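Engineer: Sharing entry-v3.cif here; it has mmCIF, C-alpha atoms and all ligand atoms.
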```cif
data_structure
loop_
_atom_site.label_atom_id
_atom_site.label_comp_id
_atom_site.auth_asym_id
_atom_site.auth_seq_id
_atom_site.Cartn_x
_atom_site.Cartn_y
_atom_site.Cartn_z
CA MET J 1 -59.55 -174.74 -84.98
CA THR J 2 -61.95 -172.42 -86.78
CA ASP J 3 -60.73 -169.63 -89.05
CA THR J 4 -61.73 -167.07 -86.42
CA ALA J 5 -60.16 -168.90 -83.49
CA SER J 6 -56.83 -169.50 -85.25
CA SER J 7 -56.56 -165.80 -86.14
CA ARG J 8 -57.24 -164.77 -82.57
CA SER J 9 -54.48 -166.99 -81.21
CA SER J 10 -51.79 -165.81 -83.65
CA ILE J 11 -52.01 -162.29 -85.02
CA GLY J 12 -55.27 -160.93 -83.70
CA LEU J 13 -58.54 -160.17 -85.39
CA PRO J 14 -59.44 -157.27 -87.63
CA ILE J 15 -62.24 -155.18 -86.11
CA GLY J 16 -63.19 -153.07 -89.09
CA LEU J 17 -63.18 -153.21 -92.86
CA LEU J 18 -63.33 -150.12 -95.05
CA ALA J 19 -64.96 -151.03 -98.36
CA GLU J 20 -64.17 -148.45 -101.04
CA LEU J 21 -67.13 -149.55 -103.14
CA THR J 22 -66.25 -147.13 -105.93
CA HIS J 23 -63.93 -144.20 -106.56
CA ARG J 24 -66.71 -142.45 -108.51
CA CYS J 25 -67.83 -139.28 -106.71
CA PRO J 26 -69.64 -136.09 -107.72
CA LEU J 27 -67.54 -134.03 -105.30
CA ALA J 28 -63.92 -133.02 -105.85
CA CYS J 29 -62.51 -132.32 -102.36
CA PRO J 30 -58.80 -131.44 -102.57
CA TYR J 31 -58.01 -133.48 -99.41
CA CYS J 32 -59.68 -136.68 -100.60
CA SER J 33 -58.01 -139.75 -99.08
CA ASN J 34 -58.45 -141.73 -102.30
CA PRO J 35 -55.25 -142.33 -104.26
CA VAL J 36 -54.27 -139.85 -106.96
CA ALA J 37 -54.56 -142.74 -109.47
CA LEU J 38 -58.28 -143.48 -109.10
CA GLU J 39 -59.69 -146.88 -110.08
CA GLY J 40 -62.25 -146.81 -112.91
CA ARG J 41 -65.77 -148.19 -112.96
CA ASP J 42 -64.71 -150.97 -115.37
CA VAL J 43 -62.45 -152.59 -112.75
CA GLU J 44 -64.89 -152.38 -109.80
CA LEU J 45 -65.83 -155.61 -108.02
CA SER J 46 -69.24 -156.99 -108.98
CA THR J 47 -72.11 -157.32 -106.51
CA GLU J 48 -71.18 -160.97 -105.98
CA GLY J 49 -67.53 -160.00 -105.52
CA TRP J 50 -68.38 -157.57 -102.71
CA LYS J 51 -70.77 -160.05 -101.10
CA ARG J 52 -67.92 -162.56 -100.97
CA VAL J 53 -65.69 -159.94 -99.30
CA PHE J 54 -68.33 -159.30 -96.64
CA SER J 55 -69.06 -162.99 -96.00
CA GLU J 56 -65.35 -163.72 -95.58
CA ALA J 57 -64.90 -160.63 -93.38
CA ALA J 58 -67.66 -161.79 -91.02
CA LYS J 59 -66.09 -165.26 -90.88
CA LEU J 60 -62.70 -163.72 -90.10
CA GLY J 61 -64.09 -161.83 -87.12
CA VAL J 62 -64.68 -158.34 -88.57
CA LEU J 63 -67.46 -156.56 -86.65
CA GLN J 64 -67.95 -153.32 -88.58
CA VAL J 65 -67.99 -152.52 -92.27
CA HIS J 66 -67.62 -148.93 -93.43
CA LEU J 67 -69.22 -148.55 -96.85
CA SER J 68 -67.25 -145.77 -98.43
CA GLY J 69 -65.95 -144.45 -101.72
CA GLY J 70 -65.75 -142.11 -103.57
CA GLU J 71 -69.49 -141.87 -103.11
CA PRO J 72 -70.96 -145.28 -102.25
CA ALA J 73 -74.43 -144.17 -103.41
CA ALA J 74 -73.01 -144.23 -106.94
CA ARG J 75 -73.25 -148.04 -106.71
CA ARG J 76 -76.70 -149.19 -107.86
CA ASP J 77 -76.36 -152.33 -105.72
CA LEU J 78 -75.79 -150.43 -102.45
CA VAL J 79 -79.04 -151.64 -100.87
CA ALA J 80 -78.31 -155.27 -101.83
CA LEU J 81 -74.82 -154.97 -100.33
CA VAL J 82 -76.18 -153.56 -97.05
CA GLU J 83 -78.77 -156.33 -96.93
CA HIS J 84 -76.01 -158.91 -97.36
CA CYS J 85 -73.87 -157.35 -94.60
CA ALA J 86 -76.85 -157.45 -92.23
CA LYS J 87 -77.48 -161.09 -93.17
CA VAL J 88 -73.92 -162.13 -92.27
CA GLY J 89 -74.04 -160.16 -89.01
CA LEU J 90 -71.90 -157.12 -89.80
CA TYR J 91 -72.56 -153.65 -88.33
CA THR J 92 -72.77 -151.25 -91.27
CA ASN J 93 -71.73 -147.62 -91.42
CA LEU J 94 -72.40 -145.68 -94.63
CA ILE J 95 -69.85 -142.90 -95.24
CA THR J 96 -71.49 -140.54 -97.71
CA SER J 97 -71.19 -137.05 -99.14
CA GLY J 98 -75.00 -137.03 -99.39
CA ILE J 99 -74.83 -136.09 -103.08
CA GLY J 100 -76.79 -138.60 -105.13
CA VAL J 101 -78.63 -139.81 -102.02
CA THR J 102 -82.45 -139.66 -102.23
CA GLU J 103 -85.11 -139.92 -99.55
CA LYS J 104 -86.22 -143.18 -101.17
CA LEU J 105 -82.71 -144.60 -100.90
CA ILE J 106 -82.52 -143.70 -97.20
CA GLY J 107 -85.78 -145.60 -96.63
CA GLU J 108 -84.53 -148.62 -98.57
CA LEU J 109 -81.24 -148.63 -96.63
CA ALA J 110 -83.17 -148.56 -93.36
CA GLU J 111 -85.21 -151.55 -94.46
CA ALA J 112 -82.08 -153.36 -95.60
CA GLY J 113 -80.65 -153.06 -92.08
CA LEU J 114 -78.12 -150.22 -92.33
CA ASP J 115 -76.97 -149.30 -88.81
CA HIS J 116 -75.34 -145.86 -89.01
CA ILE J 117 -74.66 -142.98 -91.40
CA GLN J 118 -71.66 -140.66 -91.49
CA LEU J 119 -72.21 -137.49 -93.52
CA SER J 120 -69.31 -135.31 -94.61
CA ILE J 121 -69.68 -131.52 -94.43
CA GLN J 122 -66.99 -129.29 -95.90
CA ASP J 123 -67.66 -126.08 -93.95
CA SER J 124 -70.34 -124.31 -91.90
CA ASP J 125 -70.28 -121.46 -94.42
CA ALA J 126 -72.26 -122.44 -97.53
CA ALA J 127 -70.18 -120.62 -100.15
CA SER J 128 -66.92 -121.90 -98.72
CA ALA J 129 -68.31 -125.45 -98.39
CA ASP J 130 -69.34 -125.50 -102.05
CA LYS J 131 -65.95 -124.14 -103.10
CA ILE J 132 -64.05 -126.80 -101.13
CA ALA J 133 -66.28 -129.57 -102.50
CA GLY J 134 -66.00 -128.20 -106.04
CA TYR J 135 -69.77 -128.61 -106.32
CA LYS J 136 -72.36 -125.81 -106.33
CA GLY J 137 -75.28 -126.47 -104.01
CA ALA J 138 -73.53 -129.25 -102.07
CA PHE J 139 -74.00 -127.52 -98.69
CA GLN J 140 -77.74 -127.09 -99.14
CA LYS J 141 -78.21 -130.64 -100.40
CA LYS J 142 -76.38 -132.02 -97.35
CA GLN J 143 -78.76 -130.16 -94.98
CA THR J 144 -81.68 -131.82 -96.75
CA VAL J 145 -80.07 -135.27 -96.62
CA ALA J 146 -79.30 -134.85 -92.90
CA GLY J 147 -83.04 -134.18 -92.37
CA TRP J 148 -83.97 -137.41 -94.18
CA ILE J 149 -81.37 -139.37 -92.19
CA LYS J 150 -82.79 -138.15 -88.88
CA ALA J 151 -86.40 -138.65 -90.03
CA ALA J 152 -85.50 -142.29 -90.73
CA ASP J 153 -84.10 -142.47 -87.19
CA PHE J 154 -80.53 -143.31 -88.14
CA PRO J 155 -77.74 -142.42 -85.72
CA LEU J 156 -75.74 -139.70 -87.49
CA THR J 157 -72.09 -138.72 -87.36
CA VAL J 158 -70.98 -135.52 -89.08
CA ASN J 159 -67.46 -135.61 -90.42
CA ALA J 160 -65.56 -132.36 -91.06
CA VAL J 161 -62.04 -132.15 -92.45
CA MET J 162 -60.30 -128.99 -91.20
CA HIS J 163 -57.69 -126.92 -93.07
CA ARG J 164 -56.77 -123.30 -93.65
CA ALA J 165 -60.03 -122.38 -95.42
CA ASN J 166 -62.31 -123.50 -92.58
CA ILE J 167 -60.21 -123.89 -89.43
CA ALA J 168 -61.51 -120.62 -87.96
CA ARG J 169 -65.00 -122.17 -87.99
CA SER J 170 -64.14 -125.40 -86.10
CA ALA J 171 -66.57 -124.50 -83.31
CA ASP J 172 -69.27 -123.59 -85.84
CA MET J 173 -68.90 -127.07 -87.33
CA VAL J 174 -69.69 -128.59 -83.95
CA GLU J 175 -72.73 -126.30 -83.57
CA LEU J 176 -73.87 -127.22 -87.08
CA ALA J 177 -73.55 -130.95 -86.31
CA ILE J 178 -75.70 -130.48 -83.19
CA SER J 179 -78.33 -128.57 -85.15
CA LEU J 180 -78.45 -131.42 -87.70
CA GLY J 181 -79.16 -133.95 -84.94
CA ALA J 182 -75.77 -135.68 -85.00
CA SER J 183 -74.81 -137.74 -81.96
CA ARG J 184 -71.13 -137.59 -82.92
CA VAL J 185 -68.96 -135.16 -84.84
CA GLU J 186 -65.49 -135.92 -86.11
CA ILE J 187 -63.26 -132.87 -86.41
CA ALA J 188 -60.41 -134.28 -88.48
CA HIS J 189 -57.41 -132.12 -89.23
CA THR J 190 -56.24 -132.86 -92.75
CA GLN J 191 -53.97 -135.88 -93.10
CA TYR J 192 -51.55 -135.29 -95.96
CA TYR J 193 -51.89 -138.45 -98.07
CA GLY J 194 -53.77 -139.09 -101.31
CA TRP J 195 -54.98 -135.83 -102.87
CA ALA J 196 -54.09 -133.77 -99.80
CA LEU J 197 -50.35 -134.16 -100.36
CA PRO J 198 -50.18 -132.28 -103.69
CA ASN J 199 -52.66 -129.76 -102.17
CA ARG J 200 -50.70 -129.37 -98.93
CA ALA J 201 -49.72 -125.72 -99.41
CA ALA J 202 -53.31 -124.77 -100.23
CA LEU J 203 -54.59 -126.59 -97.14
CA MET J 204 -51.97 -126.05 -94.42
CA PRO J 205 -53.12 -123.82 -91.52
CA SER J 206 -50.67 -121.95 -89.31
CA ARG J 207 -49.59 -123.22 -85.91
CA SER J 208 -51.50 -120.47 -84.09
CA GLU J 209 -54.71 -121.19 -86.04
CA THR J 210 -54.32 -124.90 -85.30
CA GLU J 211 -53.70 -124.40 -81.58
CA ALA J 212 -56.67 -122.05 -81.26
CA ALA J 213 -58.93 -124.55 -83.05
CA VAL J 214 -57.80 -127.47 -80.89
CA ALA J 215 -58.33 -125.44 -77.69
CA GLU J 216 -61.81 -124.44 -78.83
CA ILE J 217 -62.76 -128.05 -79.54
CA GLU J 218 -61.47 -129.19 -76.14
CA GLU J 219 -63.67 -126.55 -74.49
CA LEU J 220 -66.71 -127.66 -76.50
CA ARG J 221 -66.11 -131.27 -75.52
CA ILE J 222 -66.70 -130.28 -71.90
CA ARG J 223 -69.60 -127.93 -72.68
CA TYR J 224 -71.48 -130.54 -74.76
CA LEU J 225 -70.62 -133.61 -72.71
CA GLY J 226 -73.63 -135.95 -72.86
CA GLN J 227 -75.12 -134.08 -75.84
CA ILE J 228 -72.67 -134.91 -78.62
CA VAL J 229 -69.44 -136.92 -78.81
CA ILE J 230 -66.64 -134.84 -80.33
CA ASP J 231 -63.77 -136.83 -81.84
CA LEU J 232 -60.64 -134.93 -82.77
CA VAL J 233 -58.10 -136.23 -85.29
CA ILE J 234 -54.92 -134.41 -84.33
CA PRO J 235 -53.11 -132.01 -86.66
CA ASP J 236 -49.87 -133.96 -86.78
CA TYR J 237 -47.73 -131.32 -88.53
CA HIS J 238 -47.88 -129.46 -85.22
CA ALA J 239 -47.75 -132.48 -82.90
CA THR J 240 -45.25 -133.74 -80.33
CA TYR J 241 -46.25 -137.39 -80.58
CA PRO J 242 -47.74 -139.14 -83.60
CA LYS J 243 -51.16 -140.75 -83.77
CA ALA J 244 -51.45 -144.54 -83.61
CA CYS J 245 -52.28 -144.62 -87.29
CA MET J 246 -54.82 -147.35 -88.17
CA GLY J 247 -54.53 -148.44 -84.53
CA GLY J 248 -51.28 -150.12 -85.60
CA TRP J 249 -50.43 -151.48 -89.06
CA ALA J 250 -52.43 -154.66 -89.88
CA LYS J 251 -53.65 -154.84 -86.30
CA GLN J 252 -57.32 -153.86 -86.53
CA PHE J 253 -58.29 -152.73 -90.02
CA ILE J 254 -58.57 -153.91 -93.58
CA ASN J 255 -59.13 -151.65 -96.59
CA VAL J 256 -60.49 -153.03 -99.86
CA THR J 257 -60.23 -150.89 -103.01
CA PRO J 258 -62.96 -150.80 -105.70
CA SER J 259 -61.07 -153.38 -107.77
CA GLY J 260 -60.53 -155.73 -104.81
CA LYS J 261 -56.97 -154.92 -103.78
CA VAL J 262 -56.67 -155.51 -100.04
CA LEU J 263 -54.60 -152.92 -98.17
CA PRO J 264 -53.51 -152.51 -94.54
CA CYS J 265 -54.37 -148.80 -94.83
CA HIS J 266 -56.16 -146.64 -97.42
CA ALA J 267 -52.94 -144.79 -98.33
CA SER J 268 -50.54 -147.75 -98.28
CA GLU J 269 -50.24 -147.87 -102.06
CA THR J 270 -48.19 -144.67 -101.81
CA ILE J 271 -45.40 -146.77 -100.25
CA SER J 272 -43.33 -148.18 -103.09
CA GLY J 273 -42.09 -151.77 -102.94
CA LEU J 274 -45.06 -153.25 -101.05
CA GLU J 275 -46.83 -156.27 -102.55
CA PHE J 276 -50.61 -156.14 -102.26
CA TRP J 277 -52.83 -159.16 -102.80
CA SER J 278 -56.28 -159.06 -104.38
CA ILE J 279 -59.50 -160.64 -103.21
CA LYS J 280 -59.79 -161.95 -106.76
CA ASP J 281 -56.81 -164.26 -106.16
CA HIS J 282 -56.86 -164.97 -102.41
CA ALA J 283 -59.25 -165.55 -99.53
CA LEU J 284 -59.55 -162.56 -97.19
CA GLY J 285 -58.28 -164.59 -94.23
CA ASP J 286 -55.15 -165.61 -96.17
CA ILE J 287 -54.49 -161.99 -97.08
CA TRP J 288 -54.93 -160.86 -93.47
CA ARG J 289 -52.48 -163.48 -92.21
CA ALA J 290 -49.95 -163.84 -95.01
CA SER J 291 -50.01 -160.91 -97.46
CA PRO J 292 -46.51 -159.36 -97.69
CA ALA J 293 -48.00 -155.86 -97.36
CA PHE J 294 -49.85 -156.76 -94.15
CA ASN J 295 -46.79 -158.40 -92.61
CA ALA J 296 -44.34 -155.65 -93.61
CA TYR J 297 -44.96 -153.45 -90.55
CA ARG J 298 -47.10 -155.65 -88.30
CA GLY J 299 -46.12 -155.71 -84.62
CA THR J 300 -42.90 -154.06 -83.50
CA ASP J 301 -40.06 -156.27 -84.84
CA TRP J 302 -39.55 -154.05 -87.91
CA MET J 303 -38.86 -150.96 -85.82
CA ALA J 304 -35.52 -149.19 -85.70
CA GLU J 305 -34.43 -146.68 -83.06
CA PRO J 306 -35.77 -144.50 -81.52
CA CYS J 307 -39.04 -146.50 -81.65
CA ARG J 308 -37.46 -149.90 -80.91
CA SER J 309 -36.59 -149.01 -77.32
CA CYS J 310 -39.33 -146.43 -76.73
CA ASP J 311 -41.96 -147.09 -74.06
CA ARG J 312 -44.68 -145.78 -76.40
CA ARG J 313 -44.00 -148.35 -79.15
CA GLU J 314 -47.11 -150.36 -78.24
CA ILE J 315 -49.15 -147.16 -77.85
CA ASP J 316 -48.60 -145.38 -81.17
CA PHE J 317 -46.73 -148.13 -83.10
CA GLY J 318 -44.21 -145.61 -84.39
CA GLY J 319 -46.93 -143.42 -85.93
CA CYS J 320 -47.87 -143.50 -89.57
CA ARG J 321 -45.96 -145.61 -92.14
CA CYS J 322 -47.35 -143.64 -95.07
CA GLN J 323 -46.27 -140.32 -93.56
CA ALA J 324 -42.78 -141.69 -92.80
CA PHE J 325 -42.46 -142.80 -96.43
CA ALA J 326 -43.84 -139.53 -97.83
CA LEU J 327 -41.52 -137.30 -95.80
CA VAL J 328 -38.46 -139.44 -95.05
CA GLY J 329 -38.57 -141.88 -97.99
CA ASP J 330 -38.47 -144.86 -95.60
CA ALA J 331 -41.71 -146.43 -94.35
CA SER J 332 -39.87 -148.12 -91.45
CA ALA J 333 -38.61 -144.79 -90.11
CA THR J 334 -40.14 -143.13 -87.06
CA ASP J 335 -43.04 -140.92 -88.12
CA PRO J 336 -41.53 -137.42 -88.24
CA ALA J 337 -44.58 -136.17 -86.32
CA CYS J 338 -42.77 -137.61 -83.27
CA HIS J 339 -40.45 -135.20 -81.48
CA LYS J 340 -37.91 -138.05 -81.13
CA SER J 341 -37.62 -138.44 -84.90
CA PRO J 342 -34.38 -137.01 -86.34
CA GLN J 343 -36.59 -135.48 -89.07
CA HIS J 344 -39.13 -133.91 -86.69
CA ASP J 345 -38.02 -130.36 -87.51
CA LEU J 346 -38.81 -131.03 -91.16
CA MET J 347 -42.54 -131.10 -90.40
CA GLY J 348 -42.44 -127.79 -88.57
CA ASP J 349 -40.42 -126.25 -91.41
CA ILE J 350 -42.90 -127.46 -94.04
CA ALA J 351 -45.89 -126.29 -91.99
CA ARG J 352 -44.35 -122.86 -91.40
CA ALA J 353 -43.30 -122.35 -95.02
CA GLU J 354 -46.58 -123.55 -96.55
CA SER J 355 -48.99 -121.90 -94.12
CA GLY J 356 -47.07 -118.62 -94.45
CA GLY J 357 -47.31 -118.54 -98.25
CA GLU J 358 -50.21 -117.85 -100.58
CA PRO J 359 -52.64 -120.79 -100.54
CA GLY J 360 -52.85 -121.02 -104.34
CA SER J 361 -55.56 -122.96 -106.16
CA TYR J 362 -56.79 -126.44 -105.30
CA ILE J 363 -55.99 -129.41 -107.48
CA TYR J 364 -59.50 -130.82 -107.35
CA ARG J 365 -60.02 -134.54 -107.19
CA ARG J 366 -62.21 -135.36 -110.19
CA PHE J 367 -63.42 -138.60 -111.66
CA PRO J 368 -61.79 -139.10 -114.10
CA PRO J 369 -59.02 -136.99 -112.54
CA ILE J 370 -58.51 -133.54 -114.00
CA SER J 371 -56.93 -130.39 -112.60
CA ALA J 372 -59.13 -127.32 -112.03
FE1 LIG A 401 -43.87 -143.42 -80.81
FE2 LIG A 401 -41.53 -144.10 -81.94
FE3 LIG A 401 -41.91 -141.59 -81.10
FE4 LIG A 401 -41.66 -143.58 -79.33
S1 LIG A 401 -40.08 -142.84 -80.75
S2 LIG A 401 -43.18 -141.92 -79.26
S3 LIG A 401 -42.70 -145.28 -80.44
S4 LIG A 401 -43.03 -142.66 -82.76
FE1 LIG A 402 -51.12 -145.38 -93.94
FE2 LIG A 402 -50.95 -143.97 -91.66
S1 LIG A 402 -52.05 -143.45 -93.50
S2 LIG A 402 -50.23 -145.98 -92.05
#
```
As structure tokens - that is how I would like this structure written.
Structural biologist:
Amino acid sequence: MTDTASSRSSIGLPIGLLAELTHRCPLACPYCSNPVALEGRDVELSTEGWKRVFSEAAKLGVLQVHLSGGEPAARRDLVALVEHCAKVGLYTNLITSGIGVTEKLIGELAEAGLDHIQLSIQDSDAASADKIAGYKGAFQKKQTVAGWIKAADFPLTVNAVMHRANIARSADMVELAISLGASRVEIAHTQYYGWALPNRAALMPSRSETEAAVAEIEELRIRYLGQIVIDLVIPDYHATYPKACMGGWAKQFINVTPSGKVLPCHASETISGLEFWSIKDHALGDIWRASPAFNAYRGTDWMAEPCRSCDRREIDFGGCRCQAFALVGDASATDPACHKSPQHDLMGDIARAESGGEPGSYIYRRFPPISA
């Protein structure tokens, strides 16, 4: 049986791989999903190391690679890595801040076979966008980069993370994405892992702001049907049911850190006691099938009540393990975003208390990390 066929028959195939090529980034967004302990340039995988990851991913059955960071354009070998992904048959999506991207690089990426670009935008208001990014001129630069992306005929997704500083402009973000030529816009309410957790009070919107923003987006989905796809990542501090985080733990996705640690989810290192394997010591297929971290919460056998007997257990897989650990101290607990969780009220209490207080200053994510 081939590697791919044996995986399909036992535990399923991963669909996507998120390659955190580097944690280096010129921006300093306070909700960055990277871990608070960033990995340095000196430990990053080499070009050959990443090529091996991509070759093994293709062999394992992965279809899409998301080239992310930090800022992936900080890697000088980005074009060579894209070329390699195309050679082994992987669909490539570049997730970029646009900062450090040149028109020449866009052309080279097109020639190398890049399939899609996702550009992050912090706000539709320039001054606010630059403040959130911690980088003067970021907003203007992103407009220019979006123009180059469209001129090179790439399909474009605009990604916007929403929080108390920009939530009133959710609809404007959709309009901005349309004006930039995006075919898809992701309106993602902040997920409180990585840098967003220590910044939670500065980022948390109120329930009424959140509900108004969600209603507005639902209306725009209908108005712009056929013109732009609007994806909404739910604000789970105000939810009734949790999201199916990662589409289920170790079910569809693999995350590789700059140094080659292979994770079931980008935030899984926040869960203490998990053992992660590295691509430097193991084949990717072995990690997918046998790594203790991947097997810890795979499937449904690990679940306790109320998830164990719930008819949604194969729909949302008990929600998010990282959120359960962060708020309940037990990664096998029901995500408190679920109304059936005994700790559900805790989320509402936190959201009310933090959104009702002064936002305070951001702890910017810097490389190397510093507070600002
Ligand atoms: Fe999902 Fe568990 Fe809540 Fe059921 S009890 S809806 S499986 S999180
Ligand atoms: Fe890790 Fe949800 S962010 S499982």
Engineer: Go through J:Met246, J:Val82, J:Leu13, J:Ala353 one by one, measure the shortest atom-to-atom distance of each to ligand LIG 402 (chain A) using all atoms listed in the file, and give the residue with the smallest value.
Structural biologist: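 Between J:Met246, J:Val82, J:Leu13, J:Ala353, the residue approaching ligand LIG 402 (chain A) most closely is J:Met246.
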Engineer: Please identify the residues whose atoms come within 12 Å of ligand LIG 402 (chain A), using all atoms listed in the file, and report them as a ChimeraX atom specification.
Structural biologist: /J:33-35,190-194,196-197,236,242-255,263-271,293-294,296-298,316-326,331-337
Engineer: Dump C-alpha atoms for the selected residues as a tab-separated table (two decimals), keeping the file's coordinate frame?
Structural biologist:
```
chain	number	residue	atom	x	y	z
J	33	SER	CA	-58.01	-139.75	-99.08
J	34	ASN	CA	-58.45	-141.73	-102.30
J	35	PRO	CA	-55.25	-142.33	-104.26
J	190	THR	CA	-56.24	-132.86	-92.75
J	191	GLN	CA	-53.97	-135.88	-93.10
J	192	TYR	CA	-51.55	-135.29	-95.96
J	193	TYR	CA	-51.89	-138.45	-98.07
J	194	GLY	CA	-53.77	-139.09	-101.31
J	196	ALA	CA	-54.09	-133.77	-99.80
J	197	LEU	CA	-50.35	-134.16	-100.36
J	236	ASP	CA	-49.87	-133.96	-86.78
J	242	PRO	CA	-47.74	-139.14	-83.60
J	243	LYS	CA	-51.16	-140.75	-83.77
J	244	ALA	CA	-51.45	-144.54	-83.61
J	245	CYS	CA	-52.28	-144.62	-87.29
J	246	MET	CA	-54.82	-147.35	-88.17
J	247	GLY	CA	-54.53	-148.44	-84.53
J	248	GLY	CA	-51.28	-150.12	-85.60
J	249	TRP	CA	-50.43	-151.48	-89.06
J	250	ALA	CA	-52.43	-154.66	-89.88
J	251	LYS	CA	-53.65	-154.84	-86.30
J	252	GLN	CA	-57.32	-153.86	-86.53
J	253	PHE	CA	-58.29	-152.73	-90.02
J	254	ILE	CA	-58.57	-153.91	-93.58
J	255	ASN	CA	-59.13	-151.65	-96.59
J	263	LEU	CA	-54.60	-152.92	-98.17
J	264	PRO	CA	-53.51	-152.51	-94.54
J	265	CYS	CA	-54.37	-148.80	-94.83
J	266	HIS	CA	-56.16	-146.64	-97.42
J	267	ALA	CA	-52.94	-144.79	-98.33
J	268	SER	CA	-50.54	-147.75	-98.28
J	269	GLU	CA	-50.24	-147.87	-102.06
J	270	THR	CA	-48.19	-144.67	-101.81
J	271	ILE	CA	-45.40	-146.77	-100.25
J	293	ALA	CA	-48.00	-155.86	-97.36
J	294	PHE	CA	-49.85	-156.76	-94.15
J	296	ALA	CA	-44.34	-155.65	-93.61
J	297	TYR	CA	-44.96	-153.45	-90.55
J	298	ARG	CA	-47.10	-155.65	-88.30
J	316	ASP	CA	-48.60	-145.38	-81.17
J	317	PHE	CA	-46.73	-148.13	-83.10
J	318	GLY	CA	-44.21	-145.61	-84.39
J	319	GLY	CA	-46.93	-143.42	-85.93
J	320	CYS	CA	-47.87	-143.50	-89.57
J	321	ARG	CA	-45.96	-145.61	-92.14
J	322	CYS	CA	-47.35	-143.64	-95.07
J	323	GLN	CA	-46.27	-140.32	-93.56
J	324	ALA	CA	-42.78	-141.69	-92.80
J	325	PHE	CA	-42.46	-142.80	-96.43
J	326	ALA	CA	-43.84	-139.53	-97.83
J	331	ALA	CA	-41.71	-146.43	-94.35
J	332	SER	CA	-39.87	-148.12	-91.45
J	333	ALA	CA	-38.61	-144.79	-90.11
J	334	THR	CA	-40.14	-143.13	-87.06
J	335	ASP	CA	-43.04	-140.92	-88.12
J	336	PRO	CA	-41.53	-137.42	-88.24
J	337	ALA	CA	-44.58	-136.17	-86.32
```
Engineer: Just the number, please: distance in Å from CA of Val43 in chain J to CA of Ala57 in chain J, one decimal.
Structural biologist: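 Spanning CA of Val43 in chain J to CA of Ala57 in chain J is a straight-line distance of 21.1 Å.
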Engineer: Extract, using only C-alpha atoms, all DNA, RNA and protein residues at most 9 Å from Ala146 in chain J, discarding same-chain residues fewer than 2 positions from it, and format them as a ChimeraX atom specification.
Structural biologist: /J:98,119,141-144,148-151,156,180-182
Engineer: So, with all atoms listed in the file as the atoms that count, which of J:Gly299, J:Gly100, J:Gly356, J:Gly285 lies closest to ligand LIG 401 (chain A)?
Structural biologist: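 Among J:Gly299, J:Gly100, J:Gly356, J:Gly285, it is J:Gly299 that comes nearest to ligand LIG 401 (chain A).
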Engineer: Ala80 in chain J: which residues within 12 Å, counting only C-alpha atoms, same-chain residues fewer than 6 positions away excluded, as a list in words?
Structural biologist: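 Returned residues: Ser46, Thr47, Glu48, Trp50, Lys51, Phe54, Ala73, Ala86, Lys87, Leu105, Glu108, Leu109, Ala110, Glu111, Ala112, Gly113 and Leu114 of chain J.
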Engineer: Could you tell me how far CA of Arg352 in chain J lies from CA of Ser206 in chain J, in Å and to one decimal?
Structural biologist: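 One can read the CA of Arg352 in chain J to CA of Ser206 in chain J distance as 6.7 Å.
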Engineer: May I have the residues within 9 Å of Ser68 in chain J as a ChimeraX atom specification, using only C-alpha atoms and disregarding those fewer than 2 positions away in the same chain?
Structural biologist: /J:18-23,66,70-73,93-96
Engineer: Identify which of the residues J:Ala283, J:Ile315, J:Ala138, J:Ile121 lies closest to ligand LIG 401 (chain A), counting all atoms listed in the file when measuring atom-to-atom distances.
Structural biologist: J:Ile315
Engineer: Using all atoms listed in the file, which of the listed residues (J:Ser97, J:Thr157, J:Thr92, J:Thr240) sits closest to ligand LIG 401 (chain A)?
Structural biologist: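 For ligand LIG 401 (chain A), the nearest of the candidates is J:Thr240.
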Engineer: Kindly indicate which residue among J:Asp345, J:Asp231, J:Asp311, J:Glu211 lies nearest to Arg184 in chain J, using only C-alpha atoms for the distances.
Structural biologist: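 For Arg184 in chain J, the nearest of the given residues is J:Asp231.
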Engineer: Go through J:Ser179, J:Arg289, J:Ala28, J:Glu314 one by one, measure the shortest atom-to-atom distance of each to Tyr362 in chain J using only C-alpha atoms, and give the residue with the smallest value.
Structural biologist: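 Among the listed residues, J:Ala28 lies closest to Tyr362 in chain J.
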Engineer: Quick one: axis-aligned box around all listed atoms of range 246-256 of chain J, 4 Å on every side, centre and edge lengths in Å to one decimal, written as JSON.
Structural biologist:
```
{"center_x": -55.5, "center_y": -151.1, "center_z": -92.2, "size_x": 18.1, "size_y": 15.5, "size_z": 23.3}
```
Engineer: Just want the 10 Å neighbourhood of Val214 in chain J, counted on all atoms listed in the file, with same-chain residues fewer than 6 positions away dropped. Output as a PyMOL selection string.
Structural biologist: chain J and resi 167+170-171+187+189+208+220+232-235
Engineer: Could you turn the residues from that selection into a file that holds C-alpha atoms, as a CSV table (one decimal), in the frame of the given file?
Structural biologist:
```csv
chain,number,residue,atom,x,y,z
J,167,ILE,CA,-60.2,-123.9,-89.4
J,170,SER,CA,-64.1,-125.4,-86.1
J,171,ALA,CA,-66.6,-124.5,-83.3
J,187,ILE,CA,-63.3,-132.9,-86.4
J,189,HIS,CA,-57.4,-132.1,-89.2
J,208,SER,CA,-51.5,-120.5,-84.1
J,220,LEU,CA,-66.7,-127.7,-76.5
J,232,LEU,CA,-60.6,-134.9,-82.8
J,233,VAL,CA,-58.1,-136.2,-85.3
J,234,ILE,CA,-54.9,-134.4,-84.3
J,235,PRO,CA,-53.1,-132.0,-86.7
```
